[in-house]
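For reference, structure-v8.cif is printed below; it contains mmCIF, C-alpha atoms.
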```cif
data_target
#
loop_
_atom_site.label_atom_id
_atom_site.label_comp_id
_atom_site.auth_asym_id
_atom_site.auth_seq_id
_atom_site.Cartn_x
_atom_site.Cartn_y
_atom_site.Cartn_z
CA MET A 1 12.65 29.04 11.70
CA LYS A 2 9.61 26.95 10.80
CA ARG A 3 9.66 23.49 12.35
CA GLN A 4 9.52 20.66 9.81
CA ARG A 5 6.45 18.47 10.20
CA SER A 6 7.01 14.74 10.75
CA TYR A 7 3.38 13.65 10.95
CA SER A 8 1.09 12.66 8.10
CA VAL A 9 -2.66 12.45 7.57
CA GLN A 10 -4.16 9.75 5.39
CA ALA A 11 -7.38 10.64 3.61
CA SER A 12 -10.22 8.19 3.00
CA ASP A 13 -10.00 5.18 0.69
CA GLY A 14 -8.49 6.07 -2.67
CA MET A 15 -7.96 9.79 -1.95
CA ASN A 16 -4.22 10.09 -2.44
CA GLY A 17 -3.58 11.91 -5.68
CA GLU A 18 -1.97 9.86 -8.42
CA ALA A 19 -0.54 7.10 -6.22
CA GLY A 20 -2.22 3.72 -5.87
CA THR A 21 -3.55 2.05 -2.74
CA LEU A 22 -2.14 -0.82 -0.72
CA TYR A 23 -4.97 -3.01 0.62
CA LEU A 24 -4.26 -5.33 3.58
CA VAL A 25 -6.75 -8.12 2.99
CA GLY A 26 -7.69 -10.59 5.70
CA THR A 27 -8.19 -14.17 4.50
CA PRO A 28 -9.64 -17.24 6.26
CA ILE A 29 -7.52 -19.03 8.85
CA GLY A 30 -9.23 -22.32 8.07
CA ASN A 31 -12.92 -22.08 7.27
CA LEU A 32 -13.45 -20.57 3.82
CA GLU A 33 -16.84 -19.24 4.91
CA ASP A 34 -14.95 -16.59 6.92
CA MET A 35 -13.94 -14.81 3.70
CA THR A 36 -15.75 -11.47 3.61
CA MET A 37 -17.67 -10.10 0.63
CA ARG A 38 -15.51 -6.98 0.68
CA ALA A 39 -12.30 -9.03 0.60
CA ILE A 40 -13.53 -10.91 -2.48
CA ARG A 41 -14.46 -7.66 -4.23
CA ILE A 42 -11.11 -5.98 -3.45
CA LEU A 43 -9.12 -9.00 -4.65
CA LYS A 44 -11.04 -8.92 -7.93
CA GLU A 45 -10.63 -5.17 -8.44
CA VAL A 46 -6.95 -4.57 -7.62
CA ASP A 47 -4.23 -4.63 -10.28
CA LEU A 48 -2.06 -7.07 -8.36
CA ILE A 49 -2.12 -9.43 -5.38
CA ALA A 50 1.09 -9.88 -3.38
CA ALA A 51 1.04 -13.18 -1.48
CA GLU A 52 3.27 -14.78 1.13
CA ASP A 53 2.74 -18.20 -0.48
CA THR A 54 1.41 -18.03 -4.03
CA ARG A 55 0.54 -21.74 -4.12
CA GLN A 56 -1.64 -21.44 -1.02
CA SER A 57 -3.22 -18.18 -2.16
CA ARG A 58 -3.94 -19.53 -5.64
CA LYS A 59 -6.19 -22.19 -4.08
CA LEU A 60 -8.14 -19.45 -2.32
CA LEU A 61 -8.43 -17.34 -5.46
CA THR A 62 -9.59 -20.31 -7.51
CA HIS A 63 -12.28 -21.12 -4.96
CA PHE A 64 -13.70 -17.61 -5.20
CA ASP A 65 -13.21 -17.30 -8.98
CA ILE A 66 -10.65 -14.50 -8.66
CA HIS A 67 -8.28 -14.12 -11.63
CA THR A 68 -6.13 -11.16 -10.57
CA ARG A 69 -2.40 -11.45 -11.26
CA LEU A 70 -0.55 -12.99 -8.31
CA VAL A 71 3.06 -12.27 -7.30
CA SER A 72 5.25 -13.46 -4.46
CA TYR A 73 6.22 -11.33 -1.47
CA HIS A 74 7.75 -13.11 1.53
CA GLU A 75 10.59 -12.98 4.05
CA HIS A 76 13.20 -14.30 1.63
CA ASN A 77 12.47 -12.02 -1.34
CA LYS A 78 11.18 -8.87 0.36
CA ALA A 79 14.44 -6.97 -0.23
CA ALA A 80 13.90 -7.26 -3.98
CA SER A 81 10.09 -7.47 -4.20
CA GLY A 82 9.33 -4.70 -1.70
CA PRO A 83 10.86 -1.80 -3.69
CA GLU A 84 9.21 -3.06 -6.88
CA LEU A 85 5.78 -3.14 -5.22
CA ILE A 86 6.33 0.36 -3.85
CA ARG A 87 7.29 1.55 -7.35
CA LEU A 88 4.09 0.12 -8.82
CA LEU A 89 2.02 1.72 -6.06
CA ALA A 90 3.71 5.07 -6.65
CA GLU A 91 2.85 4.78 -10.35
CA GLY A 92 -0.82 4.40 -9.48
CA GLN A 93 -1.42 0.66 -9.35
CA SER A 94 -3.56 -0.82 -6.58
CA ILE A 95 -2.14 -3.84 -4.75
CA ALA A 96 -3.69 -6.25 -2.26
CA LEU A 97 -1.37 -7.87 0.29
CA VAL A 98 -2.41 -11.25 1.69
CA SER A 99 -0.70 -13.69 4.04
CA ASP A 100 -1.03 -17.47 4.15
CA ALA A 101 -4.00 -17.05 6.49
CA GLY A 102 -5.51 -14.30 8.61
CA LEU A 103 -4.45 -10.66 8.64
CA PRO A 104 -1.28 -9.68 6.76
CA ALA A 105 1.49 -7.64 8.41
CA ILE A 106 1.18 -9.48 11.76
CA SER A 107 4.31 -11.54 12.45
CA ASP A 108 5.11 -11.54 8.72
CA PRO A 109 7.14 -9.38 6.31
CA GLY A 110 4.05 -7.44 5.25
CA ALA A 111 4.81 -5.06 8.13
CA ASP A 112 7.94 -3.89 6.28
CA LEU A 113 5.95 -3.16 3.12
CA VAL A 114 3.33 -1.21 5.08
CA ALA A 115 6.03 0.83 6.84
CA GLU A 116 7.64 1.77 3.53
CA ALA A 117 4.29 2.57 1.93
CA THR A 118 3.32 4.94 4.74
CA GLU A 119 6.77 6.53 4.57
CA GLN A 120 6.19 7.20 0.87
CA GLY A 121 2.76 8.69 1.49
CA ILE A 122 0.91 5.79 -0.14
CA THR A 123 -2.62 5.11 1.11
CA VAL A 124 -2.89 1.90 3.15
CA VAL A 125 -6.37 0.44 3.64
CA PRO A 126 -7.16 -2.49 5.98
CA VAL A 127 -9.78 -5.01 4.84
CA PRO A 128 -10.50 -6.83 8.13
CA GLY A 129 -10.99 -10.55 8.42
CA ALA A 130 -10.18 -13.59 10.53
CA ASN A 131 -7.33 -13.46 13.03
CA ALA A 132 -6.02 -16.41 15.02
CA ALA A 133 -4.68 -14.46 18.01
CA LEU A 134 -7.89 -12.59 18.75
CA SER A 135 -10.02 -15.64 18.03
CA ALA A 136 -8.02 -17.62 20.60
CA LEU A 137 -8.27 -14.78 23.12
CA ILE A 138 -12.03 -14.42 23.01
CA MET A 139 -12.60 -18.17 23.45
CA SER A 140 -9.91 -18.61 26.13
CA GLY A 141 -12.02 -17.57 29.12
CA LEU A 142 -9.18 -15.28 30.25
CA PRO A 143 -9.42 -11.48 30.67
CA THR A 144 -9.83 -9.60 27.39
CA ASP A 145 -9.79 -6.00 28.62
CA ARG A 146 -6.01 -5.78 28.20
CA PHE A 147 -3.81 -8.12 26.18
CA LEU A 148 -0.40 -8.31 24.54
CA PHE A 149 0.35 -10.23 21.35
CA ALA A 150 3.94 -11.47 21.58
CA GLY A 151 4.29 -13.32 18.25
CA PHE A 152 6.43 -16.46 18.05
CA PRO A 153 8.66 -17.34 21.06
CA PRO A 154 12.43 -17.57 20.44
CA ARG A 155 13.70 -21.05 19.58
CA GLU A 156 16.93 -21.06 21.60
CA LYS A 157 16.47 -21.95 25.27
CA LYS A 158 18.47 -19.07 26.74
CA SER A 159 16.76 -16.50 24.52
CA LEU A 160 13.37 -18.01 25.34
CA GLY A 161 14.06 -17.70 29.06
CA LYS A 162 15.02 -14.02 28.77
CA TRP A 163 12.01 -13.34 26.52
CA LEU A 164 9.64 -14.88 29.07
CA LYS A 165 11.32 -13.06 31.94
CA ASP A 166 10.73 -9.77 30.13
CA LEU A 167 7.05 -10.69 29.75
CA SER A 168 6.61 -12.01 33.28
CA GLY A 169 5.61 -8.66 34.77
CA GLN A 170 2.97 -7.87 32.16
CA ALA A 171 -0.47 -7.53 33.72
CA ALA A 172 -2.06 -8.00 30.30
CA THR A 173 -3.18 -11.40 29.03
CA LEU A 174 -0.39 -12.81 26.84
CA ILE A 175 -1.01 -14.27 23.38
CA MET A 176 1.57 -16.06 21.25
CA TYR A 177 1.83 -18.50 18.35
CA GLU A 178 3.72 -21.79 18.47
CA SER A 179 4.39 -24.77 16.23
CA PRO A 180 3.43 -28.33 17.31
CA HIS A 181 6.98 -29.67 17.56
CA ARG A 182 7.99 -26.88 20.01
CA LEU A 183 4.79 -26.64 22.03
CA THR A 184 5.73 -28.74 25.08
CA LYS A 185 9.18 -27.13 25.35
CA THR A 186 7.61 -23.68 25.32
CA LEU A 187 4.92 -24.61 27.86
CA ASP A 188 7.62 -26.08 30.12
CA ALA A 189 9.66 -22.85 29.89
CA MET A 190 6.56 -20.77 30.57
CA LEU A 191 5.82 -22.80 33.68
CA GLU A 192 9.38 -22.20 34.87
CA HIS A 193 9.53 -18.46 34.18
CA LEU A 194 5.90 -17.34 34.57
CA GLY A 195 4.68 -19.71 37.25
CA ASP A 196 1.63 -21.97 37.07
CA ARG A 197 -0.80 -19.44 35.61
CA ARG A 198 -4.14 -20.08 33.98
CA ALA A 199 -3.86 -20.69 30.25
CA ALA A 200 -5.69 -21.81 27.14
CA VAL A 201 -3.89 -23.65 24.35
CA VAL A 202 -5.94 -23.48 21.17
CA ARG A 203 -5.25 -25.35 17.96
CA GLU A 204 -6.62 -25.54 14.42
CA LEU A 205 -8.89 -22.52 14.82
CA THR A 206 -12.03 -22.59 12.61
CA LYS A 207 -11.00 -25.96 11.19
CA ARG A 208 -12.56 -29.38 11.62
CA HIS A 209 -10.29 -30.36 14.52
CA GLU A 210 -10.47 -27.07 16.42
CA GLU A 211 -9.67 -27.68 20.08
CA ALA A 212 -9.04 -25.61 23.22
CA VAL A 213 -7.27 -27.02 26.26
CA ARG A 214 -7.93 -24.82 29.31
CA GLY A 215 -6.36 -25.09 32.74
CA THR A 216 -3.12 -24.11 34.45
CA LEU A 217 0.12 -24.24 32.49
CA SER A 218 1.09 -27.47 34.28
CA GLU A 219 -2.26 -29.05 33.40
CA CYS A 220 -1.96 -28.02 29.77
CA LEU A 221 1.59 -29.35 29.67
CA ASP A 222 0.48 -32.72 31.10
CA TRP A 223 -2.31 -32.92 28.51
CA PHE A 224 0.02 -32.42 25.56
CA ARG A 225 2.61 -34.80 26.93
CA ASP A 226 -0.11 -37.46 26.92
CA ASN A 227 -1.74 -36.27 23.69
CA GLY A 228 0.83 -35.38 21.05
CA PRO A 229 0.44 -31.82 19.70
CA LEU A 230 -0.92 -31.60 16.14
CA GLY A 231 -1.70 -28.48 14.11
CA GLU A 232 -0.87 -24.82 14.60
CA PHE A 233 -1.27 -23.39 18.10
CA CYS A 234 -2.18 -20.16 19.87
CA ILE A 235 -1.18 -19.99 23.53
CA VAL A 236 -3.13 -17.58 25.74
CA VAL A 237 -1.78 -17.01 29.26
CA GLU A 238 -3.08 -15.06 32.23
CA GLY A 239 -1.17 -11.85 32.96
CA ALA A 240 0.80 -11.19 36.14
CA ASP A 241 -1.08 -10.33 39.30
CA ALA A 242 -0.60 -6.86 40.82
CA GLU A 243 2.13 -8.00 43.23
CA ALA A 244 4.15 -9.75 40.51
CA ALA A 245 3.75 -6.80 38.13
CA GLN A 246 4.99 -4.38 40.79
CA SER A 247 7.93 -6.65 41.61
CA SER A 248 8.86 -6.87 37.93
CA ASN A 249 8.75 -3.09 37.54
CA GLU A 250 11.07 -2.69 40.49
CA GLU A 251 13.48 -5.26 39.05
CA MET A 252 13.52 -3.42 35.73
CA TRP A 253 14.45 -0.01 37.16
CA TRP A 254 17.27 0.18 34.65
CA SER A 255 15.12 -0.39 31.53
CA GLN A 256 15.22 3.29 30.54
CA LEU A 257 19.01 3.51 30.87
CA ASP A 258 21.54 2.82 28.16
CA VAL A 259 24.34 0.38 28.95
CA ALA A 260 26.85 3.08 29.94
CA ALA A 261 24.43 4.72 32.36
CA HIS A 262 23.51 1.33 33.80
CA VAL A 263 27.16 0.56 34.55
CA ALA A 264 27.77 4.09 35.86
CA HIS A 265 24.95 3.62 38.38
CA TYR A 266 26.67 0.59 39.89
CA GLU A 267 30.07 2.29 39.82
CA THR A 268 28.87 4.57 42.61
CA THR A 269 29.02 1.60 45.01
CA MET A 270 31.46 -0.87 43.41
CA ASP A 271 34.47 -1.02 41.10
CA ARG A 272 34.06 -1.00 37.30
CA LYS A 273 34.61 -4.73 36.86
CA GLU A 274 31.84 -5.60 39.31
CA ALA A 275 29.59 -2.89 37.86
CA ILE A 276 29.92 -4.42 34.39
CA LYS A 277 29.23 -7.87 35.80
CA GLN A 278 26.07 -6.73 37.61
CA ALA A 279 24.75 -4.82 34.59
CA ALA A 280 25.27 -7.93 32.45
CA ILE A 281 23.30 -10.02 34.96
CA ASP A 282 20.45 -7.50 34.96
CA ARG A 283 20.26 -7.47 31.16
CA GLY A 284 20.76 -11.19 30.68
CA VAL A 285 23.71 -10.71 28.31
CA PRO A 286 27.37 -11.80 28.39
CA LYS A 287 29.78 -9.60 30.36
CA ARG A 288 31.92 -9.07 27.27
CA ASP A 289 28.95 -7.44 25.48
CA VAL A 290 28.58 -4.89 28.25
CA TYR A 291 32.36 -4.40 28.45
CA ASN A 292 32.60 -3.78 24.68
CA GLU A 293 29.68 -1.35 24.79
CA VAL A 294 31.13 0.87 27.53
CA ASN A 295 34.67 0.76 26.11
CA ARG A 296 33.93 1.66 22.50
#
```

Would you kindly transcribe this structure into structure tokens?
Amino acid sequence: MKRQRSYSVQASDGMNGEAGTLYLVGTPIGNLEDMTMRAIRILKEVDLIAAEDTRQSRKLLTHFDIHTRLVSYHEHNKAASGPELIRLLAEGQSIALVSDAGLPAISDPGADLVAEATEQGITVVPVPGANAALSALIMSGLPTDRFLFAGFPPREKKSLGKWLKDLSGQAATLIMYESPHRLTKTLDAMLEHLGDRRAAVVRELTKRHEEAVRGTLSECLDWFRDNGPLGEFCIVVEGADAEAAQSSNEEMWWSQLDVAAHVAHYETTMDRKEAIKQAAIDRGVPKRDVYNEVNR
């Protein structure tokens, strides 16, 4: 019996039969001079532009004298807008996806549209441009040979603590986004769960008030307690040293096990109640969640 193929091969730009092309167009994160010539051309040539915030994007299009039809695609309407955009692409229309600023499909709903497009065999073409995370990394002064972009930290304190604990053993430099009103809380939690590592807190990249505060996490925290945070932030943090990374890997021995196997491991040395309790502690979840999982 012939094995069914699950892979796909995308040909070069525009070579996909009758279907259209989805362009992922990078836009400036502050300074309009960072708009590329290719991005301007693509936005003028496509049939449609799908934008996270049409009001913001319309300002950009007006500045560059782009008159392509603009539609909305964001977190709250993606369930309805996504299938319609895929239908138009399948019918042969070309669509450019843009975010509020920077590269689309990074920490925004564009990732869902890209996933569906690739599933449907639609050509997806990146049009590179500015990116806040990488811009912050290269100016941070921290190692750039290996890094991990973690997106936005969780808002709830308990979830934030678990999230940071999971990242604590990463040897790679950590990059994340944060809003001004949560910055000091997040830095404080990072100091608690990661230790006083070297960091760079960068705000308003490419804009008039661009600023980078470099030092240890405690020093950065002191700075922003004395100087109220303003603007959008990228936090770049040194990765774990070899000893901490090894310790974290040992602590996470169970990461490849499902909940039932995790509990079963402990049941070799303790009763089921204690095994459930210990597995819950390891995973940072309530005991009842583990109990319900193994007693389904």

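Proximity to Leu167 (chain A) was assessed for A:Pro229, A:Gly110, A:Pro153, A:Gly26 counting only C-alpha atoms; the smallest distance is recorded for A:Pro153.
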
Inset, instruction - For the structure provided, state which residues fall under the PyMOL selection byres ((chain A and resi 156-160) around 12), and present them as a PyMOL selection string. - result: chain A and resi 152-155+161-167+182+185-190+192-194+283-286

Legend entry - Result set, the PyMOL selection byres ((chain A and resi 100) around 9) on current file, as an NGL selection string: :A and (27-29 or 51-54 or 56-57 or 98-99 or 101-104)

Inset, instruction - Enumerate, as a PyMOL selection string, the residues matched when the PyMOL selection byres ((chain A and resi 33) around 12) is run on the file above. - result: chain A and resi 27-32+34-37+39-40+60+63-64+129-130+206-207

Inset, instruction - In Å, rounded to a single decimal, give me how far CA of Thr184 (chain A) is from CA of Phe224 (chain A). - result: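 So the two atoms, CA of Phe224 (chain A) and CA of Thr184 (chain A), lie 6.8 Å apart.
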
Inset, instruction - Calculate how many Å separate CA of His74 (chain A) from CA of Thr118 (chain A), rounding to one decimal. - result: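 Here the two named atoms are 18.9 Å from each other.
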
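Relative to CA of Leu230 (chain A), CA of Leu205 (chain A) is found at 12.2 Å.
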
Legend entry - Pick from A:Ile106, A:Ala260, A:Leu113, A:Val201, whichever lies nearest to Glu178 (chain A) using all atoms listed in the file: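 Using all atoms listed in the file, the shortest distance to Glu178 (chain A) belongs to A:Val201.
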
Legend entry - Residue nearest Leu174 (chain A) among A:Gly121, A:Pro109, A:Gly151, A:Gly82 (counting only C-alpha atoms): A:Gly151

Inset, instruction - Could you check which of A:Val124, A:Val71, A:Leu88, A:Ala240 is closest to Gln170 (chain A), using only C-alpha atoms? - result: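 Using only C-alpha atoms, the shortest distance to Gln170 (chain A) belongs to A:Ala240.
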
Legend entry - A:Ile66, A:His76, A:His265, A:Val9 ranked by distance to Glu119 (chain A), top pick (using all atoms listed in the file): A:Val9

Legend entry - Long-range neighbours of Ile281 (chain A) as a list in words, 12 Å cut-off, only C-alpha atoms, 3 positions minimum in chain: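 Here the qualifying residues turn out to be Lys162, Glu251, Met252, Trp254, His262, Val263, Glu274, Ala275, Ile276, Lys277, Gln278, Gly284, Val285, Pro286, Lys287, Arg288, Asp289 and Val290 of chain A.
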
What are the centre and edge lengths in Å, to one decimal, of the axis-aligned box around all listed atoms of region 167-186 of chain A with 6 Å added on each side, as lines of an AutoDock Vina configuration file?
```
center_x = 3.0
center_y = -18.6
center_z = 25.5
size_x = 24.4
size_y = 34.1
size_z = 30.5
```

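Distances from A:Val127, A:Ala80, A:Leu43, A:Leu22 to Val114 (chain A) were compared using all atoms listed in the file, and the smallest one belongs to A:Leu22.
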